[in-house]
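A.B. asks: I'm passing along work_5.cif; it holds mmCIF, C-alpha atoms.
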data_protein
#
loop_
_atom_site.group_PDB
_atom_site.id
_atom_site.type_symbol
_atom_site.label_atom_id
_atom_site.label_comp_id
_atom_site.auth_asym_id
_atom_site.auth_seq_id
_atom_site.Cartn_x
_atom_site.Cartn_y
_atom_site.Cartn_z
ATOM 1 C CA MET A 1 -6.006 56.559 22.737
ATOM 2 C CA SER A 2 -7.724 59.229 20.665
ATOM 3 C CA SER A 3 -5.833 61.393 18.192
ATOM 4 C CA GLU A 4 -7.593 64.387 19.744
ATOM 5 C CA ALA A 5 -5.912 63.576 23.072
ATOM 6 C CA TYR A 6 -2.545 64.777 21.821
ATOM 7 C CA PRO A 7 -1.799 68.387 20.787
ATOM 8 C CA GLN A 8 -1.088 69.283 17.197
ATOM 9 C CA GLY A 9 2.475 68.431 16.169
ATOM 10 C CA PRO A 10 4.770 69.748 13.442
ATOM 11 C CA ALA A 11 3.221 69.542 10.004
ATOM 12 C CA GLU A 12 5.083 66.872 8.111
ATOM 13 C CA ALA A 13 3.566 67.947 4.821
ATOM 14 C CA ASP A 14 5.297 71.321 5.111
ATOM 15 C CA ALA A 15 8.677 69.588 5.053
ATOM 16 C CA GLY A 16 8.071 67.895 1.714
ATOM 17 C CA VAL A 17 8.241 64.215 0.880
ATOM 18 C CA VAL A 18 11.305 62.323 2.086
ATOM 19 C CA ASP A 19 12.867 59.924 -0.403
ATOM 20 C CA ARG A 20 12.478 56.314 0.754
ATOM 21 C CA THR A 21 15.077 53.730 -0.129
ATOM 22 C CA PRO A 22 13.601 50.655 -1.839
ATOM 23 C CA LEU A 23 13.869 47.638 0.459
ATOM 24 C CA ARG A 24 13.833 44.089 -0.828
ATOM 25 C CA SER A 25 14.051 42.333 2.541
ATOM 26 C CA LEU A 26 12.937 43.407 6.022
ATOM 27 C CA LEU A 27 13.977 40.816 8.608
ATOM 28 C CA PHE A 28 12.224 40.640 11.986
ATOM 29 C CA VAL A 29 14.550 40.486 14.994
ATOM 30 C CA PRO A 30 13.178 40.142 18.567
ATOM 31 C CA GLY A 31 13.756 43.268 20.627
ATOM 32 C CA THR A 32 15.240 41.057 23.331
ATOM 33 C CA ARG A 33 17.911 39.786 20.906
ATOM 34 C CA THR A 34 19.545 42.851 19.446
ATOM 35 C CA ASP A 35 22.747 40.803 19.537
ATOM 36 C CA TRP A 36 21.341 39.033 16.468
ATOM 37 C CA LEU A 37 21.644 42.186 14.362
ATOM 38 C CA PRO A 38 25.069 41.174 13.011
ATOM 39 C CA LYS A 39 23.458 37.952 11.727
ATOM 40 C CA ALA A 40 20.797 39.981 9.958
ATOM 41 C CA ARG A 41 23.454 42.179 8.394
ATOM 42 C CA ALA A 42 25.550 39.166 7.375
ATOM 43 C CA ALA A 43 22.500 37.599 5.725
ATOM 44 C CA GLY A 44 22.245 40.684 3.519
ATOM 45 C CA ALA A 45 18.977 42.100 4.885
ATOM 46 C CA ASP A 46 18.210 45.551 3.549
ATOM 47 C CA ALA A 47 16.476 46.294 6.854
ATOM 48 C CA ALA A 48 15.944 44.753 10.271
ATOM 49 C CA VAL A 49 12.681 45.191 12.156
ATOM 50 C CA LEU A 50 13.373 45.168 15.886
ATOM 51 C CA ASP A 51 10.188 43.742 17.357
ATOM 52 C CA LEU A 52 8.742 45.052 20.615
ATOM 53 C CA GLU A 53 5.298 43.549 20.038
ATOM 54 C CA ASP A 54 4.497 39.863 19.492
ATOM 55 C CA ALA A 55 8.080 38.603 19.830
ATOM 56 C CA VAL A 56 8.481 40.014 23.358
ATOM 57 C CA PRO A 57 6.658 38.691 26.470
ATOM 58 C CA ALA A 58 4.888 41.361 28.523
ATOM 59 C CA ALA A 59 7.333 41.000 31.408
ATOM 60 C CA ASP A 60 10.304 41.716 29.128
ATOM 61 C CA LYS A 61 8.977 44.697 27.172
ATOM 62 C CA LEU A 62 10.675 47.460 29.170
ATOM 63 C CA ALA A 63 14.039 45.680 29.053
ATOM 64 C CA ALA A 64 13.603 45.066 25.319
ATOM 65 C CA ARG A 65 12.790 48.743 24.764
ATOM 66 C CA ALA A 66 16.063 49.718 26.457
ATOM 67 C CA ARG A 67 18.026 47.245 24.334
ATOM 68 C CA VAL A 68 16.427 48.543 21.152
ATOM 69 C CA ALA A 69 17.141 52.166 22.076
ATOM 70 C CA ASP A 70 20.780 51.240 22.682
ATOM 71 C CA ALA A 71 21.024 49.427 19.351
ATOM 72 C CA LEU A 72 19.639 52.494 17.560
ATOM 73 C CA ALA A 73 22.145 54.758 19.317
ATOM 74 C CA ARG A 74 25.001 52.510 18.217
ATOM 75 C CA ALA A 75 23.650 52.386 14.655
ATOM 76 C CA ALA A 76 23.717 56.183 14.486
ATOM 77 C CA ALA A 77 27.385 56.324 15.539
ATOM 78 C CA PRO A 78 29.958 57.035 12.764
ATOM 79 C CA PRO A 79 31.620 53.557 12.706
ATOM 80 C CA GLU A 80 28.334 52.023 11.533
ATOM 81 C CA GLN A 81 27.954 54.336 8.555
ATOM 82 C CA THR A 82 30.140 52.272 6.224
ATOM 83 C CA GLU A 83 27.869 49.209 6.296
ATOM 84 C CA ARG A 84 24.361 50.507 6.659
ATOM 85 C CA MET A 85 21.353 48.297 7.314
ATOM 86 C CA ALA A 86 18.144 50.218 7.886
ATOM 87 C CA LEU A 87 16.650 49.740 11.346
ATOM 88 C CA PHE A 88 12.915 49.738 11.959
ATOM 89 C CA VAL A 89 11.047 49.109 15.193
ATOM 90 C CA ARG A 90 7.692 47.385 15.492
ATOM 91 C CA VAL A 91 6.081 49.068 18.468
ATOM 92 C CA ASN A 92 3.019 47.989 20.392
ATOM 93 C CA PRO A 93 -0.373 49.429 19.383
ATOM 94 C CA LEU A 94 -0.869 53.082 20.332
ATOM 95 C CA ASP A 95 -3.874 52.335 22.539
ATOM 96 C CA ASP A 96 -2.792 54.398 25.550
ATOM 97 C CA TRP A 97 -0.084 56.741 26.827
ATOM 98 C CA ALA A 98 2.246 53.794 27.438
ATOM 99 C CA GLY A 99 2.310 53.319 23.668
ATOM 100 C CA ALA A 100 3.198 56.983 23.192
ATOM 101 C CA GLU A 101 6.039 56.662 25.691
ATOM 102 C CA GLU A 102 7.358 53.617 23.850
ATOM 103 C CA LEU A 103 7.357 55.582 20.616
ATOM 104 C CA ARG A 104 9.200 58.416 22.321
ATOM 105 C CA ALA A 105 11.842 55.999 23.609
ATOM 106 C CA VAL A 106 12.760 54.591 20.191
ATOM 107 C CA VAL A 107 12.475 57.586 17.868
ATOM 108 C CA ARG A 108 16.040 58.842 17.624
ATOM 109 C CA PRO A 109 18.837 59.141 15.070
ATOM 110 C CA GLY A 110 19.535 55.673 13.688
ATOM 111 C CA LEU A 111 15.860 54.822 13.254
ATOM 112 C CA ALA A 112 14.608 54.418 9.685
ATOM 113 C CA GLY A 113 10.978 53.732 10.453
ATOM 114 C CA ILE A 114 8.219 52.569 12.754
ATOM 115 C CA VAL A 115 6.151 49.480 12.022
ATOM 116 C CA LEU A 116 2.723 50.088 13.544
ATOM 117 C CA PRO A 117 0.585 46.997 14.254
ATOM 118 C CA LYS A 118 -3.189 46.547 14.372
ATOM 119 C CA VAL A 119 -3.978 49.608 12.249
ATOM 120 C CA ARG A 120 -7.745 49.849 11.788
ATOM 121 C CA SER A 121 -8.284 53.209 10.112
ATOM 122 C CA ALA A 122 -6.721 56.440 8.886
ATOM 123 C CA GLN A 123 -7.315 57.907 12.343
ATOM 124 C CA ASP A 124 -4.759 55.481 13.808
ATOM 125 C CA VAL A 125 -2.239 56.675 11.230
ATOM 126 C CA ARG A 126 -2.892 60.360 11.904
ATOM 127 C CA LEU A 127 -2.296 59.809 15.618
ATOM 128 C CA ALA A 128 0.978 57.989 14.951
ATOM 129 C CA ASP A 129 2.046 60.661 12.469
ATOM 130 C CA ARG A 130 1.402 63.419 15.001
ATOM 131 C CA LEU A 131 3.294 61.628 17.749
ATOM 132 C CA LEU A 132 6.204 60.909 15.421
ATOM 133 C CA GLY A 133 6.369 64.575 14.482
ATOM 134 C CA TRP A 134 6.712 65.558 18.109
ATOM 135 C CA CYS A 135 9.335 62.865 18.729
ATOM 136 C CA GLU A 136 11.360 64.047 15.721
ATOM 137 C CA GLN A 137 11.199 67.610 16.954
ATOM 138 C CA GLU A 138 12.341 66.551 20.432
ATOM 139 C CA GLN A 139 15.312 64.669 18.947
ATOM 140 C CA GLY A 140 16.277 67.468 16.541
ATOM 141 C CA MET A 141 15.466 65.260 13.531
ATOM 142 C CA PRO A 142 14.057 66.626 10.261
ATOM 143 C CA PRO A 143 10.240 66.431 10.099
ATOM 144 C CA GLY A 144 9.046 63.348 8.263
ATOM 145 C CA ARG A 145 12.401 61.567 8.458
ATOM 146 C CA VAL A 146 10.979 58.476 10.189
ATOM 147 C CA ALA A 147 8.966 56.264 7.835
ATOM 148 C CA LEU A 148 5.697 54.741 9.001
ATOM 149 C CA VAL A 149 4.692 51.202 8.014
ATOM 150 C CA PRO A 150 1.116 50.431 9.085
ATOM 151 C CA LEU A 151 0.345 46.741 9.399
ATOM 152 C CA LEU A 152 -3.089 45.858 8.012
ATOM 153 C CA GLU A 153 -4.053 43.063 10.391
ATOM 154 C CA THR A 154 -7.807 43.595 10.678
ATOM 155 C CA ALA A 155 -10.572 43.222 8.112
ATOM 156 C CA ARG A 156 -11.384 46.911 8.451
ATOM 157 C CA GLY A 157 -7.764 47.909 8.008
ATOM 158 C CA LEU A 158 -7.451 45.802 4.861
ATOM 159 C CA ARG A 159 -10.679 47.237 3.456
ATOM 160 C CA GLU A 160 -9.535 50.820 4.139
ATOM 161 C CA ALA A 161 -5.994 50.381 2.797
ATOM 162 C CA TYR A 162 -6.334 53.314 0.379
ATOM 163 C CA ASP A 163 -7.480 55.787 3.048
ATOM 164 C CA ILE A 164 -4.838 54.517 5.458
ATOM 165 C CA ALA A 165 -2.128 54.895 2.843
ATOM 166 C CA ARG A 166 -3.138 58.518 2.162
ATOM 167 C CA ALA A 167 -3.358 59.525 5.822
ATOM 168 C CA ALA A 168 0.308 60.615 6.157
ATOM 169 C CA SER A 169 3.078 61.354 3.692
ATOM 170 C CA ARG A 170 5.600 59.452 5.821
ATOM 171 C CA ILE A 171 3.917 56.121 4.992
ATOM 172 C CA ALA A 172 6.124 53.736 3.019
ATOM 173 C CA TYR A 173 6.545 50.000 2.413
ATOM 174 C CA LEU A 174 2.837 49.387 3.103
ATOM 175 C CA GLY A 175 1.350 46.158 1.767
ATOM 176 C CA ALA A 176 -0.520 42.999 2.714
ATOM 177 C CA LEU A 177 1.028 40.353 4.971
ATOM 178 C CA THR A 178 -0.774 37.015 4.820
ATOM 179 C CA ALA A 179 1.032 34.549 7.066
ATOM 180 C CA PRO A 180 -0.706 31.338 8.149
ATOM 181 C CA GLY A 181 -2.514 31.314 11.474
ATOM 182 C CA GLY A 182 -1.900 34.957 12.323
ATOM 183 C CA ASP A 183 -4.017 38.055 12.753
ATOM 184 C CA VAL A 184 -4.929 38.409 9.075
ATOM 185 C CA GLU A 185 -6.044 34.798 8.651
ATOM 186 C CA ARG A 186 -8.156 35.111 11.787
ATOM 187 C CA ALA A 187 -9.654 38.420 10.635
ATOM 188 C CA VAL A 188 -10.487 37.330 7.084
ATOM 189 C CA GLY A 189 -11.181 33.643 7.680
ATOM 190 C CA TYR A 190 -9.233 32.196 4.752
ATOM 191 C CA ARG A 191 -7.474 28.838 4.948
ATOM 192 C CA TRP A 192 -3.788 29.353 4.169
ATOM 193 C CA SER A 193 -2.075 27.206 1.563
ATOM 194 C CA PRO A 194 1.567 27.212 0.378
ATOM 195 C CA GLU A 195 0.382 28.189 -3.099
ATOM 196 C CA GLY A 196 -1.208 31.363 -1.737
ATOM 197 C CA THR A 197 -4.165 31.195 -4.124
ATOM 198 C CA GLU A 198 -6.630 32.077 -1.357
ATOM 199 C CA THR A 199 -4.945 35.454 -0.760
ATOM 200 C CA VAL A 200 -3.907 36.502 -4.282
ATOM 201 C CA ALA A 201 -6.988 38.695 -4.668
ATOM 202 C CA LEU A 202 -6.445 40.252 -1.243
ATOM 203 C CA ARG A 203 -2.769 41.000 -1.848
ATOM 204 C CA SER A 204 -3.566 42.358 -5.310
ATOM 205 C CA ARG A 205 -6.310 44.686 -4.073
ATOM 206 C CA VAL A 206 -4.185 46.076 -1.246
ATOM 207 C CA LEU A 207 -1.317 46.610 -3.667
ATOM 208 C CA LEU A 208 -3.556 48.552 -6.053
ATOM 209 C CA ASP A 209 -4.859 50.660 -3.157
ATOM 210 C CA VAL A 210 -1.416 51.627 -1.902
ATOM 211 C CA ARG A 211 -0.063 52.244 -5.412
ATOM 212 C CA ALA A 212 -3.042 54.511 -6.121
ATOM 213 C CA ALA A 213 -2.300 56.346 -2.871
ATOM 214 C CA GLY A 214 1.295 56.941 -3.949
ATOM 215 C CA VAL A 215 3.002 54.762 -1.354
ATOM 216 C CA PRO A 216 6.622 54.065 -2.322
ATOM 217 C CA CYS A 217 8.042 50.557 -2.361
ATOM 218 C CA PRO A 218 5.166 48.314 -1.126
ATOM 219 C CA VAL A 219 6.251 45.085 0.547
ATOM 220 C CA SER A 220 4.445 41.851 1.349
ATOM 221 C CA GLY A 221 5.043 38.673 3.366
ATOM 222 C CA LEU A 222 5.332 36.487 5.376
ATOM 223 C CA TRP A 223 6.684 32.978 4.805
ATOM 224 C CA THR A 224 6.836 31.102 8.117
ATOM 225 C CA ARG A 225 8.146 27.690 7.005
ATOM 226 C CA VAL A 226 11.765 28.201 7.967
ATOM 227 C CA GLY A 227 13.281 25.278 6.063
ATOM 228 C CA ASP A 228 11.101 25.436 2.945
ATOM 229 C CA LEU A 229 13.184 27.679 0.706
ATOM 230 C CA PRO A 230 11.595 26.459 -2.576
ATOM 231 C CA GLY A 231 8.186 27.365 -1.156
ATOM 232 C CA LEU A 232 9.519 30.745 -0.091
ATOM 233 C CA ARG A 233 10.901 31.392 -3.570
ATOM 234 C CA ALA A 234 7.588 30.529 -5.231
ATOM 235 C CA PHE A 235 5.689 32.812 -2.828
ATOM 236 C CA ALA A 236 8.190 35.650 -3.291
ATOM 237 C CA GLU A 237 7.990 35.306 -7.076
ATOM 238 C CA GLN A 238 4.212 35.439 -6.865
ATOM 239 C CA ASN A 239 4.402 38.655 -4.833
ATOM 240 C CA ARG A 240 6.901 40.122 -7.272
ATOM 241 C CA SER A 241 4.650 39.259 -10.208
ATOM 242 C CA LEU A 242 1.776 41.084 -8.499
ATOM 243 C CA GLY A 243 3.902 44.230 -8.245
ATOM 244 C CA TYR A 244 5.380 44.163 -4.742
ATOM 245 C CA GLU A 245 8.967 45.341 -4.378
ATOM 246 C CA GLY A 246 10.032 43.400 -1.293
ATOM 247 C CA MET A 247 9.004 41.101 1.540
ATOM 248 C CA MET A 248 9.212 40.885 5.281
ATOM 249 C CA ALA A 249 11.027 37.824 6.613
ATOM 250 C CA ILE A 250 11.317 35.913 9.870
ATOM 251 C CA HIS A 251 14.624 34.040 9.408
ATOM 252 C CA PRO A 252 18.069 35.020 8.090
ATOM 253 C CA SER A 253 18.102 32.050 5.692
ATOM 254 C CA HIS A 254 15.160 33.621 3.845
ATOM 255 C CA VAL A 255 16.952 36.881 3.077
ATOM 256 C CA PRO A 256 19.185 35.763 0.158
ATOM 257 C CA VAL A 257 16.217 34.160 -1.620
ATOM 258 C CA ILE A 258 14.060 37.262 -1.174
ATOM 259 C CA ASN A 259 16.848 39.584 -2.293
ATOM 260 C CA GLU A 260 17.425 37.516 -5.425
ATOM 261 C CA VAL A 261 13.753 37.400 -6.374
ATOM 262 C CA PHE A 262 13.277 41.145 -5.926
ATOM 263 C CA SER A 263 16.431 42.072 -7.860
ATOM 264 C CA PRO A 264 16.601 42.017 -11.655
ATOM 265 C CA SER A 265 19.009 39.501 -13.144
ATOM 266 C CA SER A 266 21.929 40.547 -15.320
ATOM 267 C CA ALA A 267 19.957 39.286 -18.328
ATOM 268 C CA GLU A 268 16.987 41.490 -17.390
ATOM 269 C CA LEU A 269 19.234 44.534 -17.013
ATOM 270 C CA ALA A 270 20.869 43.821 -20.366
ATOM 271 C CA ARG A 271 17.448 43.530 -22.001
ATOM 272 C CA CYS A 272 16.464 46.929 -20.547
ATOM 273 C CA ALA A 273 19.574 48.556 -21.966
ATOM 274 C CA GLU A 274 19.067 46.977 -25.403
ATOM 275 C CA LEU A 275 15.383 47.947 -25.469
ATOM 276 C CA ILE A 276 16.222 51.578 -24.703
ATOM 277 C CA THR A 277 18.828 51.589 -27.466
ATOM 278 C CA ALA A 278 16.349 50.129 -29.967
ATOM 279 C CA VAL A 279 13.585 52.619 -29.133
ATOM 280 C CA GLU A 280 15.896 55.626 -29.184
ATOM 281 C CA ALA A 281 17.338 54.530 -32.529
ATOM 282 C CA ALA A 282 13.811 54.277 -33.950
ATOM 283 C CA GLN A 283 12.929 57.690 -32.572
ATOM 284 C CA ARG A 284 15.931 59.251 -34.292
ATOM 285 C CA GLU A 285 14.584 57.861 -37.556
ATOM 286 C CA GLY A 286 11.141 59.312 -36.891
ATOM 287 C CA THR A 287 9.484 56.078 -35.759
ATOM 288 C CA GLY A 288 7.603 55.851 -32.455
ATOM 289 C CA ALA A 289 7.441 52.072 -32.176
ATOM 290 C CA VAL A 290 9.813 49.284 -33.147
ATOM 291 C CA THR A 291 9.908 45.500 -33.072
ATOM 292 C CA PHE A 292 12.322 44.319 -30.374
ATOM 293 C CA ARG A 293 12.936 40.608 -29.811
ATOM 294 C CA GLY A 294 9.619 39.832 -31.464
ATOM 295 C CA GLU A 295 7.599 42.359 -29.461
ATOM 296 C CA MET A 296 6.328 45.801 -30.381
ATOM 297 C CA VAL A 297 7.833 48.377 -27.978
ATOM 298 C CA ASP A 298 7.704 52.150 -27.737
ATOM 299 C CA GLU A 299 8.570 55.013 -25.374
ATOM 300 C CA ALA A 300 6.371 53.665 -22.578
ATOM 301 C CA MET A 301 8.438 50.479 -22.402
ATOM 302 C CA ALA A 302 11.672 52.448 -22.714
ATOM 303 C CA HIS A 303 10.639 54.668 -19.811
ATOM 304 C CA THR A 304 10.014 51.611 -17.627
ATOM 305 C CA ALA A 305 13.389 50.176 -18.610
ATOM 306 C CA ARG A 306 15.145 53.433 -17.717
ATOM 307 C CA LEU A 307 13.584 53.385 -14.273
ATOM 308 C CA VAL A 308 14.789 49.809 -13.702
ATOM 309 C CA LEU A 309 18.363 50.732 -14.689
ATOM 310 C CA GLU A 310 18.277 53.912 -12.595
ATOM 311 C CA ARG A 311 17.072 52.094 -9.487
ATOM 312 C CA HIS A 312 19.607 49.299 -9.763
ATOM 313 C CA GLY A 313 22.586 51.473 -10.557
ATOM 314 C CA ALA A 314 23.170 50.321 -14.094
#
Produce structure tokens that represent the structure in this file.

C.D. replies:
Amino acid sequence: MSSEAYPQGPAEADAGVVDRTPLRSLLFVPGTRTDWLPKARAAGADAAVLDLEDAVPAADKLAARARVADALARAAAPPEQTERMALFVRVNPLDDWAGAEELRAVVRPGLAGIVLPKVRSAQDVRLADRLLGWCEQEQGMPPGRVALVPLLETARGLREAYDIARAASRIAYLGALTAPGGDVERAVGYRWSPEGTETVALRSRVLLDVRAAGVPCPVSGLWTRVGDLPGLRAFAEQNRSLGYEGMMAIHPSHVPVINEVFSPSSAELARCAELITAVEAAQREGTGAVTFRGEMVDEAMAHTARLVLERHGA
């Protein structure tokens, strides 16, 4: 489906950039099992990704679409507002008008974002952005409200991560997902290992691309060994050390581990507060830098610490 095949939609850029909530954990839930959403919420997932693509057989896709639309309608109702878990939908690729109709069916109040699979280029993103703009207008939603999360599952998509990330201002949470045996492994040809050493360079390069493009809150993933929580923790810590801010997950038991890894500890928050105090005290005395816990720190470090405390409500 060509982007030229659809008329120009509302200009998202004219509406300004919508603030995106940082998400530590995005848990996949099959579109046929929306009754599992309470489990996702109980696990503490920041977001659930209702899957209409790989998790749903072809014969069940229309029924799953109806279930997902109903779940979104219920999420938008007032009783759900007190305990909010963001809801995303992974749609099928926008290769034809059936894909556009699927998008139209799920874009409604209650939807936080669309996860778009098999993204190959910026052109795919511009098409999705245009369609989303029309869907938002049809539903009376503010332009740009629905986030877009392109999945980089082809070699070309991974190589063009920077251009893809800049193609629409609604893009958020974009990163590299490197699960074993899936689309990315097949496209790149690496041999997956639990240590993840074969994909560190790939995840790092994609992260730099999306950061340079200004994408908020990049996330990574996936860890498919359901019972291997120590392995999950090591992989999540590796992603956090690279600079990712969250991960996608496939099982509720993974959510608490991911949330813990991507949240600063009380000791880290206390260190931030003490560092700020030390730098500001030095500044009042006319000194730009100061030794803090054996390290030389200055305003740059204090600024980073302030951002950490602001994001985590301290």

A.B. asks: Which residues match the PyMOL selection byres ((chain A and resi 117) around 9) in the file above, as number ranges by chain?

C.D. replies: A: 53, 90-94, 115-116, 118-119, 149-153

A.B. asks: Dump C-alpha atoms for the selected residues as a compact mmCIF listing (two decimals), in the frame of the given file?

C.D. replies:
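Dumped to selection20.txt:
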# COMPACT_ATOMS: atom_id res chain seq x y z
CA GLU A 53 5.30 43.55 20.04
CA ARG A 90 7.69 47.38 15.49
CA VAL A 91 6.08 49.07 18.47
CA ASN A 92 3.02 47.99 20.39
CA PRO A 93 -0.37 49.43 19.38
CA LEU A 94 -0.87 53.08 20.33
CA VAL A 115 6.15 49.48 12.02
CA LEU A 116 2.72 50.09 13.54
CA LYS A 118 -3.19 46.55 14.37
CA VAL A 119 -3.98 49.61 12.25
CA VAL A 149 4.69 51.20 8.01
CA PRO A 150 1.12 50.43 9.09
CA LEU A 151 0.34 46.74 9.40
CA LEU A 152 -3.09 45.86 8.01
CA GLU A 153 -4.05 43.06 10.39

A.B. asks: Excluding same-chain residues fewer than 4 positions from Glu198 in chain A, what lies within 12 Å of it counting all atoms listed in the file, as a ChimeraX atom specification?

C.D. replies: /A:178-180,185,188-194,202-204

A.B. asks: Considering only C-alpha atoms, return as a ChimeraX atom specification whatever protein or nucleic-acid residues lie within 9 Å of range 209-217 of chain A, sequence-local ones (same chain, fewer than 6 positions apart) excluded.

C.D. replies: /A:19-24,160-166,169-175,244-246

A.B. asks: Box time for range 239-247 of chain A: axis-aligned, enclosing all its listed atoms, 8 Å extra on each side; report centre and edge lengths in Å to one decimal, as JSON.

C.D. replies:
{"center_x": 5.9, "center_y": 42.0, "center_z": -4.3, "size_x": 24.3, "size_y": 22.7, "size_z": 27.7}

A.B. asks: If I take CA of Leu229 in chain A and CA of Val29 in chain A, how far is one from the other in Å, to one decimal?

C.D. replies: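 Distance reported for this atom pair: 19.2 Å.
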
A.B. asks: Could you jot down the CA of Ser266 in chain A to CA of Val49 in chain A separation for me, Å, one decimal place?

C.D. replies: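 Result for CA of Ser266 in chain A versus CA of Val49 in chain A: 29.4 Å, one decimal.
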
A.B. asks: List every protein, DNA or RNA residue with an atom no more than 12 Å from (19.3, 54.3, 14.5) in the file's coordinates, counting all atoms listed in the file, and format the result as a PDB file with C-alpha atoms, in the frame of the given file.

C.D. replies:
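Final file, out_29.pdb:
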ATOM      1  CA  ALA A  47      16.476  46.294   6.854  1.00  0.00           C
ATOM      2  CA  ALA A  48      15.944  44.753  10.271  1.00  0.00           C
ATOM      3  CA  VAL A  49      12.681  45.191  12.156  1.00  0.00           C
ATOM      4  CA  LEU A  50      13.373  45.168  15.886  1.00  0.00           C
ATOM      5  CA  VAL A  68      16.427  48.543  21.152  1.00  0.00           C
ATOM      6  CA  ALA A  69      17.141  52.166  22.076  1.00  0.00           C
ATOM      7  CA  ASP A  70      20.780  51.240  22.682  1.00  0.00           C
ATOM      8  CA  ALA A  71      21.024  49.427  19.351  1.00  0.00           C
ATOM      9  CA  LEU A  72      19.639  52.494  17.560  1.00  0.00           C
ATOM     10  CA  ALA A  73      22.145  54.758  19.317  1.00  0.00           C
ATOM     11  CA  ARG A  74      25.001  52.510  18.217  1.00  0.00           C
ATOM     12  CA  ALA A  75      23.650  52.386  14.655  1.00  0.00           C
ATOM     13  CA  ALA A  76      23.717  56.183  14.486  1.00  0.00           C
ATOM     14  CA  ALA A  77      27.385  56.324  15.539  1.00  0.00           C
ATOM     15  CA  PRO A  78      29.958  57.035  12.764  1.00  0.00           C
ATOM     16  CA  GLU A  80      28.334  52.023  11.533  1.00  0.00           C
ATOM     17  CA  GLN A  81      27.954  54.336   8.555  1.00  0.00           C
ATOM     18  CA  ARG A  84      24.361  50.507   6.659  1.00  0.00           C
ATOM     19  CA  MET A  85      21.353  48.297   7.314  1.00  0.00           C
ATOM     20  CA  ALA A  86      18.144  50.218   7.886  1.00  0.00           C
ATOM     21  CA  LEU A  87      16.650  49.740  11.346  1.00  0.00           C
ATOM     22  CA  PHE A  88      12.915  49.738  11.959  1.00  0.00           C
ATOM     23  CA  VAL A  89      11.047  49.109  15.193  1.00  0.00           C
ATOM     24  CA  ALA A 105      11.842  55.999  23.609  1.00  0.00           C
ATOM     25  CA  VAL A 106      12.760  54.591  20.191  1.00  0.00           C
ATOM     26  CA  VAL A 107      12.475  57.586  17.868  1.00  0.00           C
ATOM     27  CA  ARG A 108      16.040  58.842  17.624  1.00  0.00           C
ATOM     28  CA  PRO A 109      18.837  59.141  15.070  1.00  0.00           C
ATOM     29  CA  GLY A 110      19.535  55.673  13.688  1.00  0.00           C
ATOM     30  CA  LEU A 111      15.860  54.822  13.254  1.00  0.00           C
ATOM     31  CA  ALA A 112      14.608  54.418   9.685  1.00  0.00           C
ATOM     32  CA  GLY A 113      10.978  53.732  10.453  1.00  0.00           C
ATOM     33  CA  ILE A 114       8.219  52.569  12.754  1.00  0.00           C
ATOM     34  CA  GLN A 139      15.312  64.669  18.947  1.00  0.00           C
ATOM     35  CA  MET A 141      15.466  65.260  13.531  1.00  0.00           C
ATOM     36  CA  ARG A 145      12.401  61.567   8.458  1.00  0.00           C
ATOM     37  CA  VAL A 146      10.979  58.476  10.189  1.00  0.00           C
TER      38      VAL A 146
END

A.B. asks: As an exercise, work out the distance from CA of Arg130 in chain A to CA of Ala168 in chain A in Å and give it to one decimal place.

C.D. replies: 9.3 Å

A.B. asks: Using all atoms listed in the file, pick whichever of A:Arg67, A:Arg126, A:Arg104, A:Arg41 has the shortest atom-to-atom distance to Ser25 in chain A.

C.D. replies: A:Arg41

A.B. asks: Counting only C-alpha atoms, find residues at most 7 Å from (8.7, 64.0, 13.7) (file frame) and give them as a ChimeraX atom specification.

C.D. replies: /A:10,132-137,141-146

A.B. asks: Taking into account all atoms listed in the file, which residue in the set A:Ser265, A:Thr197, A:Thr291, A:Thr277 is nearest to Asn239 in chain A?

C.D. replies: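 Answer, going by the shortest atom-to-atom distance: A:Thr197.
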
A.B. asks: May I ask which of the residues A:Ala64, A:Ala201, A:Met301, A:Val255 is the closest one to Ala40 in chain A, counting all atoms listed in the file?

C.D. replies: A:Val255

A.B. asks: Using all atoms listed in the file, which residue out of A:Asp46, A:Pro57, A:Gly288, A:Gly181 lies closest to Phe262 in chain A?

C.D. replies: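 Ranking A:Asp46, A:Pro57, A:Gly288, A:Gly181 by distance to Phe262 in chain A, first place goes to A:Asp46.
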
A.B. asks: Since the input is missing atoms, can you rebuild N, CA, C and O atoms for range 128-132 of chain A and write them as a PDB file, in the coordinates of the input?

C.D. replies:
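Listed below is the output, out.pdb:
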ATOM      1  N   ALA A 128      -0.431  58.384  14.981  1.00  0.00           N
ATOM      2  CA  ALA A 128       0.978  57.989  14.951  1.00  0.00           C
ATOM      3  C   ALA A 128       1.829  59.056  14.279  1.00  0.00           C
ATOM      4  O   ALA A 128       2.935  59.377  14.735  1.00  0.00           O
ATOM      5  N   ASP A 129       1.320  59.623  13.198  1.00  0.00           N
ATOM      6  CA  ASP A 129       2.046  60.661  12.469  1.00  0.00           C
ATOM      7  C   ASP A 129       2.295  61.877  13.365  1.00  0.00           C
ATOM      8  O   ASP A 129       3.386  62.452  13.379  1.00  0.00           O
ATOM      9  N   ARG A 130       1.273  62.268  14.114  1.00  0.00           N
ATOM     10  CA  ARG A 130       1.402  63.419  15.001  1.00  0.00           C
ATOM     11  C   ARG A 130       2.423  63.154  16.106  1.00  0.00           C
ATOM     12  O   ARG A 130       3.278  63.998  16.410  1.00  0.00           O
ATOM     13  N   LEU A 131       2.338  61.980  16.696  1.00  0.00           N
ATOM     14  CA  LEU A 131       3.294  61.628  17.749  1.00  0.00           C
ATOM     15  C   LEU A 131       4.721  61.562  17.197  1.00  0.00           C
ATOM     16  O   LEU A 131       5.670  62.025  17.844  1.00  0.00           O
ATOM     17  N   LEU A 132       4.871  60.985  16.023  1.00  0.00           N
ATOM     18  CA  LEU A 132       6.204  60.909  15.421  1.00  0.00           C
ATOM     19  C   LEU A 132       6.756  62.301  15.141  1.00  0.00           C
ATOM     20  O   LEU A 132       7.956  62.548  15.319  1.00  0.00           O
TER      21      LEU A 132
END
